[in-house]
$ cat input.cif   # mmCIF, C-alpha atoms and all ligand atoms
data_data
loop_
_atom_site.label_atom_id
_atom_site.label_comp_id
_atom_site.auth_asym_id
_atom_site.auth_seq_id
_atom_site.Cartn_x
_atom_site.Cartn_y
_atom_site.Cartn_z
CA MET A 21 40.40 103.69 14.14
CA ILE A 22 38.78 107.11 14.48
CA VAL A 23 35.09 107.71 13.82
CA LYS A 24 34.72 111.05 12.05
CA LYS A 25 31.06 111.14 11.15
CA ILE A 26 27.86 109.53 12.41
CA THR A 27 24.46 109.74 10.69
CA LEU A 28 21.12 108.52 12.03
CA HIS A 29 18.40 107.59 9.55
CA HIS A 30 14.84 107.21 10.86
CA ILE A 31 13.21 104.62 8.58
CA ARG A 32 9.60 103.47 8.22
CA MET A 33 8.65 100.39 6.19
CA PRO A 34 5.29 98.60 6.02
CA LEU A 35 5.37 94.92 7.01
CA LYS A 36 4.01 92.59 4.31
CA THR A 37 1.69 91.05 6.90
CA PRO A 38 0.81 92.46 10.35
CA PHE A 39 2.65 90.80 13.25
CA SER A 40 0.54 90.21 16.39
CA ASN A 41 1.54 89.11 19.87
CA SER A 42 -0.11 89.14 23.29
CA LEU A 43 0.51 92.91 23.64
CA THR A 44 0.18 94.61 20.27
CA THR A 45 0.01 94.33 16.48
CA VAL A 46 2.85 95.76 14.40
CA THR A 47 1.82 96.80 10.89
CA GLU A 48 4.63 99.14 9.94
CA ARG A 49 8.15 99.11 11.28
CA ASP A 50 9.93 102.28 12.38
CA LEU A 51 13.61 101.87 13.12
CA ILE A 52 16.84 103.84 13.20
CA LEU A 53 19.82 102.97 11.03
CA VAL A 54 23.23 104.19 12.19
CA GLU A 55 25.90 105.00 9.63
CA ALA A 56 29.44 105.50 10.96
CA GLU A 57 32.31 106.81 8.84
CA ASP A 58 36.06 106.73 9.55
CA GLU A 59 38.80 109.15 8.46
CA GLU A 60 39.18 107.35 5.13
CA GLY A 61 35.51 107.45 4.20
CA ARG A 62 34.75 103.78 4.96
CA THR A 63 31.24 103.27 6.34
CA GLY A 64 29.72 100.80 8.75
CA TRP A 65 26.04 100.21 9.50
CA GLY A 66 24.07 99.39 12.64
CA GLU A 67 20.35 99.08 13.35
CA CYS A 68 18.40 100.27 16.37
CA VAL A 69 15.57 97.78 16.90
CA VAL A 70 13.30 100.03 19.00
CA PHE A 71 9.59 100.39 18.30
CA THR A 72 7.54 103.61 18.26
CA SER A 73 5.91 102.78 21.61
CA PRO A 74 7.40 101.05 24.70
CA TRP A 75 5.33 97.82 24.57
CA TYR A 76 8.29 95.40 24.36
CA THR A 77 10.79 97.14 26.65
CA GLU A 78 10.94 100.76 27.72
CA GLU A 79 12.97 102.19 24.84
CA THR A 80 11.33 103.85 21.83
CA VAL A 81 12.42 105.52 18.60
CA GLY A 82 12.18 108.82 20.48
CA THR A 83 14.31 107.79 23.48
CA ALA A 84 16.93 106.15 21.27
CA TRP A 85 17.19 109.18 18.97
CA HIS A 86 17.74 111.35 22.05
CA VAL A 87 20.18 109.05 23.89
CA ILE A 88 22.29 108.21 20.84
CA GLY A 89 22.53 111.82 19.68
CA ASP A 90 22.91 113.63 22.99
CA PHE A 91 24.93 111.12 25.02
CA LEU A 92 26.49 108.28 23.02
CA VAL A 93 27.73 110.01 19.86
CA PRO A 94 29.93 112.43 21.89
CA LEU A 95 31.60 109.42 23.55
CA LEU A 96 32.65 107.99 20.18
CA LEU A 97 33.19 110.79 17.70
CA ASP A 98 36.84 111.67 17.06
CA ARG A 99 38.05 109.48 19.94
CA PRO A 100 40.48 106.71 18.89
CA LEU A 101 39.31 103.15 19.32
CA GLU A 102 41.42 99.98 19.11
CA HIS A 103 38.59 97.48 19.00
CA PRO A 104 34.76 97.57 19.13
CA SER A 105 34.79 95.47 22.31
CA GLU A 106 35.98 98.64 24.12
CA ILE A 107 32.63 100.28 23.48
CA PRO A 108 30.64 98.88 26.44
CA ASP A 109 33.21 100.47 28.82
CA ARG A 110 33.05 103.70 26.84
CA PHE A 111 29.26 103.73 27.21
CA ALA A 112 29.26 102.66 30.87
CA PRO A 113 28.56 106.19 32.22
CA ILE A 114 25.17 106.02 30.49
CA ARG A 115 22.73 103.78 32.36
CA ARG A 116 20.71 101.16 30.45
CA HIS A 117 19.31 102.11 27.00
CA PRO A 118 20.68 98.86 25.55
CA MET A 119 19.05 99.24 22.12
CA ALA A 120 20.50 102.73 21.65
CA LYS A 121 23.97 101.46 22.61
CA ALA A 122 23.72 98.32 20.48
CA ALA A 123 22.85 100.33 17.38
CA LEU A 124 26.01 102.45 17.57
CA GLU A 125 28.18 99.54 18.63
CA GLY A 126 26.87 97.51 15.68
CA ALA A 127 27.84 100.25 13.23
CA ILE A 128 31.34 100.34 14.73
CA TRP A 129 31.70 96.54 14.56
CA ASP A 130 30.79 96.67 10.85
CA LEU A 131 33.12 99.60 10.21
CA TRP A 132 36.00 98.03 12.11
CA CYS A 133 35.58 94.71 10.27
CA ARG A 134 35.59 96.49 6.91
CA TYR A 135 38.67 98.42 7.96
CA ARG A 136 40.37 95.11 8.80
CA GLY A 137 38.97 93.27 5.76
CA LEU A 138 37.32 90.72 8.03
CA SER A 139 33.77 89.37 8.20
CA LEU A 140 31.72 90.22 11.28
CA ALA A 141 30.96 86.52 11.71
CA ARG A 142 34.68 85.66 11.94
CA ALA A 143 35.46 88.72 14.06
CA LEU A 144 32.93 87.47 16.62
CA GLY A 145 34.42 83.97 16.55
CA GLY A 146 31.85 82.33 14.28
CA SER A 147 32.77 79.45 12.03
CA ARG A 148 29.58 77.96 10.55
CA ASP A 149 28.82 78.92 6.97
CA ARG A 150 25.12 77.99 7.14
CA ILE A 151 22.62 78.30 9.97
CA VAL A 152 19.15 76.84 10.40
CA ALA A 153 16.28 79.23 9.63
CA GLY A 154 13.33 79.63 11.97
CA ALA A 155 10.07 81.50 11.52
CA ALA A 156 8.04 83.40 14.09
CA VAL A 157 4.33 83.47 13.34
CA GLY A 158 2.06 86.08 14.87
CA SER A 159 -1.32 85.84 13.13
CA ALA A 160 -4.49 87.33 14.50
CA ASP A 161 -6.39 84.04 15.05
CA PRO A 162 -5.69 80.28 15.33
CA ALA A 163 -7.00 79.43 11.84
CA THR A 164 -4.79 82.00 10.11
CA MET A 165 -1.90 80.84 12.28
CA LEU A 166 -2.27 77.27 11.00
CA GLU A 167 -2.45 78.46 7.39
CA GLU A 168 0.68 80.53 7.77
CA ILE A 169 2.53 77.64 9.40
CA ARG A 170 1.69 75.42 6.42
CA LEU A 171 3.28 78.02 4.13
CA ARG A 172 6.40 78.37 6.25
CA VAL A 173 6.86 74.60 6.50
CA GLU A 174 6.52 74.34 2.71
CA GLU A 175 9.16 77.06 2.32
CA GLY A 176 11.49 74.87 4.38
CA TYR A 177 11.56 76.58 7.78
CA ARG A 178 12.66 73.98 10.29
CA ARG A 179 11.47 75.55 13.50
CA ILE A 180 8.25 77.45 14.07
CA LYS A 181 7.52 79.85 16.90
CA VAL A 182 3.95 80.91 17.57
CA LYS A 183 2.63 83.70 19.71
CA ILE A 184 0.28 82.64 22.51
CA LYS A 185 -1.81 84.28 25.24
CA PRO A 186 -4.61 83.17 27.59
CA GLY A 187 -7.56 82.14 25.46
CA ALA A 188 -5.35 81.61 22.42
CA ASP A 189 -2.84 78.96 23.52
CA VAL A 190 -4.42 75.49 23.58
CA GLU A 191 -6.65 76.78 20.76
CA VAL A 192 -3.53 77.57 18.72
CA LEU A 193 -1.33 74.61 19.68
CA GLU A 194 -3.85 71.76 19.39
CA PRO A 195 -4.56 72.09 15.65
CA ILE A 196 -0.86 72.62 14.90
CA ARG A 197 0.11 69.46 16.77
CA ALA A 198 -2.73 67.52 15.12
CA GLU A 199 -1.31 68.37 11.70
CA PHE A 200 2.43 68.55 12.53
CA PRO A 201 3.09 66.14 15.42
CA ALA A 202 6.89 66.20 15.01
CA LEU A 203 7.47 69.85 14.03
CA PRO A 204 10.06 71.62 16.19
CA LEU A 205 7.62 74.06 17.75
CA MET A 206 7.83 76.69 20.48
CA ALA A 207 5.52 79.34 21.91
CA ASP A 208 6.22 82.95 22.92
CA ALA A 209 3.83 84.57 25.42
CA ASN A 210 5.45 88.03 25.72
CA SER A 211 4.64 87.96 29.45
CA ALA A 212 0.90 87.23 29.10
CA TYR A 213 0.65 84.92 32.17
CA THR A 214 1.16 85.00 35.94
CA LEU A 215 1.89 82.25 38.47
CA GLU A 216 -1.86 81.98 38.99
CA ASP A 217 -1.90 80.29 35.58
CA LEU A 218 0.49 77.58 36.80
CA ASP A 219 -1.90 74.66 36.26
CA HIS A 220 -2.81 75.93 32.82
CA LEU A 221 0.86 76.35 31.86
CA LYS A 222 1.55 72.80 33.09
CA TYR A 223 -1.21 71.61 30.77
CA LEU A 224 0.82 73.01 27.84
CA ASP A 225 3.60 70.47 28.63
CA ARG A 226 1.62 67.92 26.59
CA PHE A 227 2.39 69.75 23.33
CA GLY A 228 6.07 68.81 23.44
CA LEU A 229 7.25 72.36 22.87
CA LEU A 230 10.97 73.07 22.41
CA MET A 231 10.43 75.81 25.00
CA ILE A 232 8.00 78.43 26.22
CA GLU A 233 9.37 81.95 25.83
CA GLN A 234 8.81 84.72 28.41
CA PRO A 235 5.60 83.41 29.97
CA LEU A 236 5.66 85.79 32.99
CA ASP A 237 6.46 89.46 33.68
CA ALA A 238 8.95 91.29 31.48
CA ASP A 239 11.21 92.10 34.44
CA ASP A 240 10.74 88.95 36.50
CA ILE A 241 13.26 86.20 37.20
CA VAL A 242 11.95 84.99 40.59
CA ASP A 243 8.52 83.71 39.56
CA HIS A 244 10.04 82.23 36.41
CA ALA A 245 12.31 80.11 38.64
CA LYS A 246 9.24 78.82 40.50
CA LEU A 247 7.52 78.11 37.21
CA GLN A 248 10.52 76.33 35.65
CA ALA A 249 10.70 74.00 38.67
CA GLU A 250 7.12 72.89 37.92
CA LEU A 251 7.24 72.60 34.12
CA SER A 252 8.81 69.88 32.00
CA THR A 253 8.88 72.35 29.05
CA PRO A 254 12.07 74.46 29.17
CA VAL A 255 11.44 78.12 29.95
CA CYS A 256 13.31 80.61 27.76
CA LEU A 257 13.72 84.23 28.81
CA ASP A 258 13.60 87.17 26.40
CA GLU A 259 12.41 90.52 27.86
CA SER A 260 13.72 89.73 31.37
CA LEU A 261 17.35 89.52 30.21
CA GLN A 262 18.72 92.96 29.37
CA SER A 263 22.38 92.44 30.29
CA PHE A 264 25.05 89.85 31.05
CA GLY A 265 24.28 90.35 34.76
CA ASP A 266 20.61 89.52 34.21
CA VAL A 267 21.57 86.29 32.46
CA ARG A 268 24.07 85.31 35.16
CA GLN A 269 21.45 85.82 37.88
CA ALA A 270 18.67 84.07 35.99
CA LEU A 271 20.85 80.99 35.47
CA GLU A 272 21.89 81.01 39.13
CA LEU A 273 18.23 81.09 40.17
CA GLY A 274 17.14 78.46 37.64
CA SER A 275 14.69 80.88 36.00
CA CYS A 276 15.18 79.36 32.54
CA ARG A 277 16.88 76.48 30.72
CA VAL A 278 17.27 78.35 27.42
CA VAL A 279 18.41 81.90 26.63
CA ASN A 280 17.20 84.10 23.77
CA ILE A 281 20.02 86.47 22.76
CA LYS A 282 19.09 89.65 20.90
CA PRO A 283 22.04 92.03 20.50
CA GLY A 284 19.69 95.03 20.75
CA ARG A 285 18.06 93.92 23.99
CA VAL A 286 21.38 93.25 25.76
CA GLY A 287 23.31 96.36 24.65
CA GLY A 288 25.25 95.09 21.64
CA LEU A 289 27.32 92.34 20.08
CA THR A 290 30.10 92.44 22.67
CA GLU A 291 27.63 91.79 25.49
CA ALA A 292 25.81 89.21 23.32
CA LYS A 293 29.06 87.30 22.81
CA ARG A 294 29.81 87.45 26.53
CA ILE A 295 26.39 85.97 27.27
CA HIS A 296 26.95 83.29 24.61
CA ASP A 297 30.30 82.32 26.16
CA HIS A 298 28.83 82.19 29.67
CA CYS A 299 25.91 79.99 28.57
CA ARG A 300 28.15 77.72 26.53
CA LYS A 301 30.36 77.03 29.56
CA ARG A 302 27.27 76.04 31.51
CA GLY A 303 25.68 73.92 28.79
CA ILE A 304 22.76 76.33 28.36
CA PRO A 305 21.56 76.41 24.73
CA VAL A 306 21.11 79.88 23.20
CA TRP A 307 19.42 81.12 20.04
CA CYS A 308 19.23 84.45 18.27
CA GLY A 309 15.92 86.27 18.65
CA GLY A 310 14.42 88.56 16.04
CA MET A 311 12.95 92.06 16.30
CA LEU A 312 11.34 92.34 12.86
CA GLU A 313 14.64 93.79 11.68
CA SER A 314 15.53 95.27 8.35
CA GLY A 315 18.41 93.65 6.50
CA VAL A 316 21.09 95.47 8.50
CA GLY A 317 19.96 94.01 11.82
CA ARG A 318 19.23 90.67 10.20
CA ALA A 319 22.76 90.47 8.75
CA GLN A 320 24.20 91.20 12.17
CA ASN A 321 22.04 88.46 13.74
CA ILE A 322 23.20 85.97 11.11
CA ALA A 323 26.84 86.72 11.92
CA LEU A 324 26.18 86.28 15.65
CA ALA A 325 24.25 83.04 15.16
CA SER A 326 27.26 81.50 13.38
CA LEU A 327 28.90 81.08 16.81
CA GLU A 328 29.00 77.51 18.08
CA GLY A 329 26.83 77.95 21.16
CA PHE A 330 23.81 78.91 19.05
CA THR A 331 22.61 75.32 19.00
CA LEU A 332 18.91 76.13 18.52
CA PRO A 333 17.38 77.74 15.41
CA GLY A 334 16.60 81.43 15.90
CA ASP A 335 13.98 83.88 14.63
CA LEU A 336 16.06 84.11 11.47
CA SER A 337 14.00 84.34 8.31
CA ALA A 338 14.35 85.58 4.74
CA SER A 339 13.97 89.29 3.91
CA ASP A 340 10.87 88.60 1.84
CA ARG A 341 8.94 87.29 4.82
CA TYR A 342 8.81 90.84 6.13
CA TRP A 343 9.46 93.29 3.29
CA GLU A 344 8.43 93.95 -0.29
CA ARG A 345 11.95 95.27 -0.68
CA ASP A 346 14.62 95.10 2.02
CA LEU A 347 17.26 97.76 2.74
CA ILE A 348 20.22 95.53 1.80
CA ARG A 349 21.68 93.90 -1.30
CA PRO A 350 21.61 90.99 -1.76
CA GLU A 351 18.49 90.20 0.25
CA VAL A 352 18.56 87.37 2.81
CA THR A 353 17.18 84.12 1.39
CA VAL A 354 16.38 80.68 2.80
CA GLU A 355 17.55 77.56 0.95
CA ASN A 356 16.84 74.05 2.22
CA GLY A 357 15.75 75.62 5.47
CA THR A 358 19.08 77.35 6.01
CA LEU A 359 20.65 80.79 5.65
CA SER A 360 24.10 81.43 4.30
CA VAL A 361 26.64 83.19 6.55
CA PRO A 362 28.94 85.50 4.56
CA LEU A 363 32.06 84.28 6.36
CA ASN A 364 34.44 85.68 3.77
CA LEU A 365 32.93 89.07 2.96
CA PRO A 366 33.93 92.20 4.91
CA GLY A 367 31.73 93.43 7.76
CA ILE A 368 28.11 92.30 7.85
CA GLY A 369 28.60 90.98 4.29
CA PHE A 370 25.72 92.93 2.75
CA GLU A 371 25.51 96.45 1.26
CA VAL A 372 22.88 99.05 2.13
CA ASP A 373 20.62 99.90 -0.81
CA ARG A 374 20.83 103.72 -0.79
CA ASP A 375 17.80 104.19 -3.07
CA ARG A 376 15.63 102.05 -0.81
CA LEU A 377 17.02 103.90 2.21
CA ARG A 378 16.05 107.32 0.80
CA GLU A 379 12.60 106.02 -0.13
CA ALA A 380 11.92 104.71 3.40
CA ARG A 381 13.51 107.59 5.32
CA LEU A 382 11.49 110.00 7.46
CA ASN A 383 14.34 111.90 9.09
CA LYS A 384 18.11 112.14 9.19
CA ARG A 385 20.73 113.79 11.40
CA THR A 386 24.51 113.96 11.03
CA TRP A 387 27.36 114.69 13.49
CA GLU A 388 30.84 115.45 12.24
CA ALA A 389 34.13 115.71 14.09
O1 LIG A 401 10.65 87.26 13.33
C1 LIG A 401 11.07 88.11 14.11
O2 LIG A 401 11.88 89.00 13.80
C2 LIG A 401 10.69 88.15 15.52
C3 LIG A 401 9.57 87.84 16.19
C4 LIG A 401 9.25 88.17 17.58
O3 LIG A 401 8.80 87.26 18.20
C5 LIG A 401 9.39 89.51 18.15
C6 LIG A 401 9.32 90.61 17.31
C7 LIG A 401 9.39 91.88 17.79
C8 LIG A 401 9.55 92.10 19.15
C9 LIG A 401 9.64 91.02 20.02
C10 LIG A 401 9.58 89.72 19.53
C11 LIG A 401 9.75 88.64 20.54
O4 LIG A 401 10.55 87.72 20.39
O5 LIG A 401 9.13 88.70 21.59
MG MG A 402 10.05 86.99 22.58
#

$ encode --input "input.cif" --output "structure tokens" --more "lines below"
Ligand SMILES: O=C(O)CCC(=O)c1ccccc1C(=O)O
Ligand SMILES: [Mg+2]
Amino acid sequence: MIVKKITLHHIRMPLKTPFSNSLTTVTERDLILVEAEDEEGRTGWGECVVFTSPWYTEETVGTAWHVIGDFLVPLLLDRPLEHPSEIPDRFAPIRRHPMAKAALEGAIWDLWCRYRGLSLARALGGSRDRIVAGAAVGSADPATMLEEIRLRVEEGYRRIKVKIKPGADVEVLEPIRAEFPALPLMADANSAYTLEDLDHLKYLDRFGLLMIEQPLDADDIVDHAKLQAELSTPVCLDESLQSFGDVRQALELGSCRVVNIKPGRVGGLTEAKRIHDHCRKRGIPVWCGGMLESGVGRAQNIALASLEGFTLPGDLSASDRYWERDLIRPEVTVENGTLSVPLNLPGIGFEVDRDRLREARLNKRTWEA
């Protein structure tokens, strides 16, 4: 396969409801869609899940636009490729920038699958045709949080994740547990605590959480190992794991008992699958994290989560939880608390809605061989 043309689309879409965590509140979502075209005019789509500012990890829309355009596109354009799994080696001369790399790699996976008439889910080794939906709730205060959880539970979501931080953890979890004692529930701190909070974090054990996600620093795995040794609640790492190597080391140290896999955070689907395989061999459960994606990124996550090692529900929700109108057709829906995996449709299994794309687009740039 030869990639002849690559187009970046900078998109901005308002979220239906603001999404708050310990660090920031997201009200509108900027992202970059990557469109890759081969010599026969087939197209594949990828999504770059960066934010406008570096609050989550260090990449931004600006850094990704620069790194994709100036460094990654020249490594792909007009250079024959047998399989998308060759891309990490191709990109190896460029340090880090996992979200920039993942966006391009995702577009090539979709394109290659369409070229081969194969679904992305099957190409990655997935076999499940339905996966359990999970909702992440980031409301501004504990009362609104509880109200939103009631709605999500009524809609059928079978796992709820809430955002916590000091001063809004027990306050959030206590009323939820009072009303939903058996709900599969977890909490994501986005690195709001330090080891000085150890006693307080131990107190949270009583809420029977599935796991606590990224309690400590975004680049720490040492303190997390100390914390995990003291907690009965499993620790799950998100921000701290930006590559296969990070995951390998974290598991060796005992920094977590669960791994959140986001293709964007770890540099793409090939690396995500490698992490999945590694964890599966070691009996470490993984789940697919969300980044408030548009339909393109969501479709990719659904394909990934159809792999067998994804034994825990992810941040995988319906399009209409985020958007008035998504960028794909059909939109992603939840039925009986599950999402359908398009195992027998080519590529990501969804089509980009070009009218919606034009409407939401701020900027566009094309490279041609
Ligand atoms: O529903 C979603 O897409 C994800 C929710 C979420 O928690 C999140 C969203 C954006 C950036 C980081 C995170 C996170 O997992 O920390
Ligand atoms: Mg997280």

$ residues_near_ligand --input "input.cif" --ligand "ligand LIG 401 (chain A)" --cutoff "9 Å" --atoms "only C-alpha atoms and all ligand atoms" --output "ChimeraX atom specification"
/A:39-41,46,69-71,75-76,154-158,181-183,208-210,233-234,258-259,280,282,309-313,318,334-337,341-342

$ closest_residue --input "input.cif" --among "A:Leu218, A:Val255, A:Ile169, A:Leu28" --to "Arg385 (chain A)" --atoms "all atoms listed in the file"
A:Leu28

$ residues_around --input "input.cif" --residues "Cys68 (chain A)" --least-positions-apart "6" --cutoff "12 Å" --atoms "all atoms listed in the file" --output "count of residues only"
46

$ atom_distance --input "input.cif" --atom1 "CA of Glu67 (chain A)" --atom2 "CA of Arg374 (chain A)"
14.9 Å

$ closest_residue --input "input.cif" --among "A:Trp343, A:Phe91, A:Trp307, A:Phe330" --to "ligand MG 402 (chain A)" --atoms "all atoms listed in the file"
A:Trp307

$ atom_distance --input "input.cif" --atom1 "CA of Leu221 (chain A)" --atom2 "CA of Ala202 (chain A)"
20.6 Å
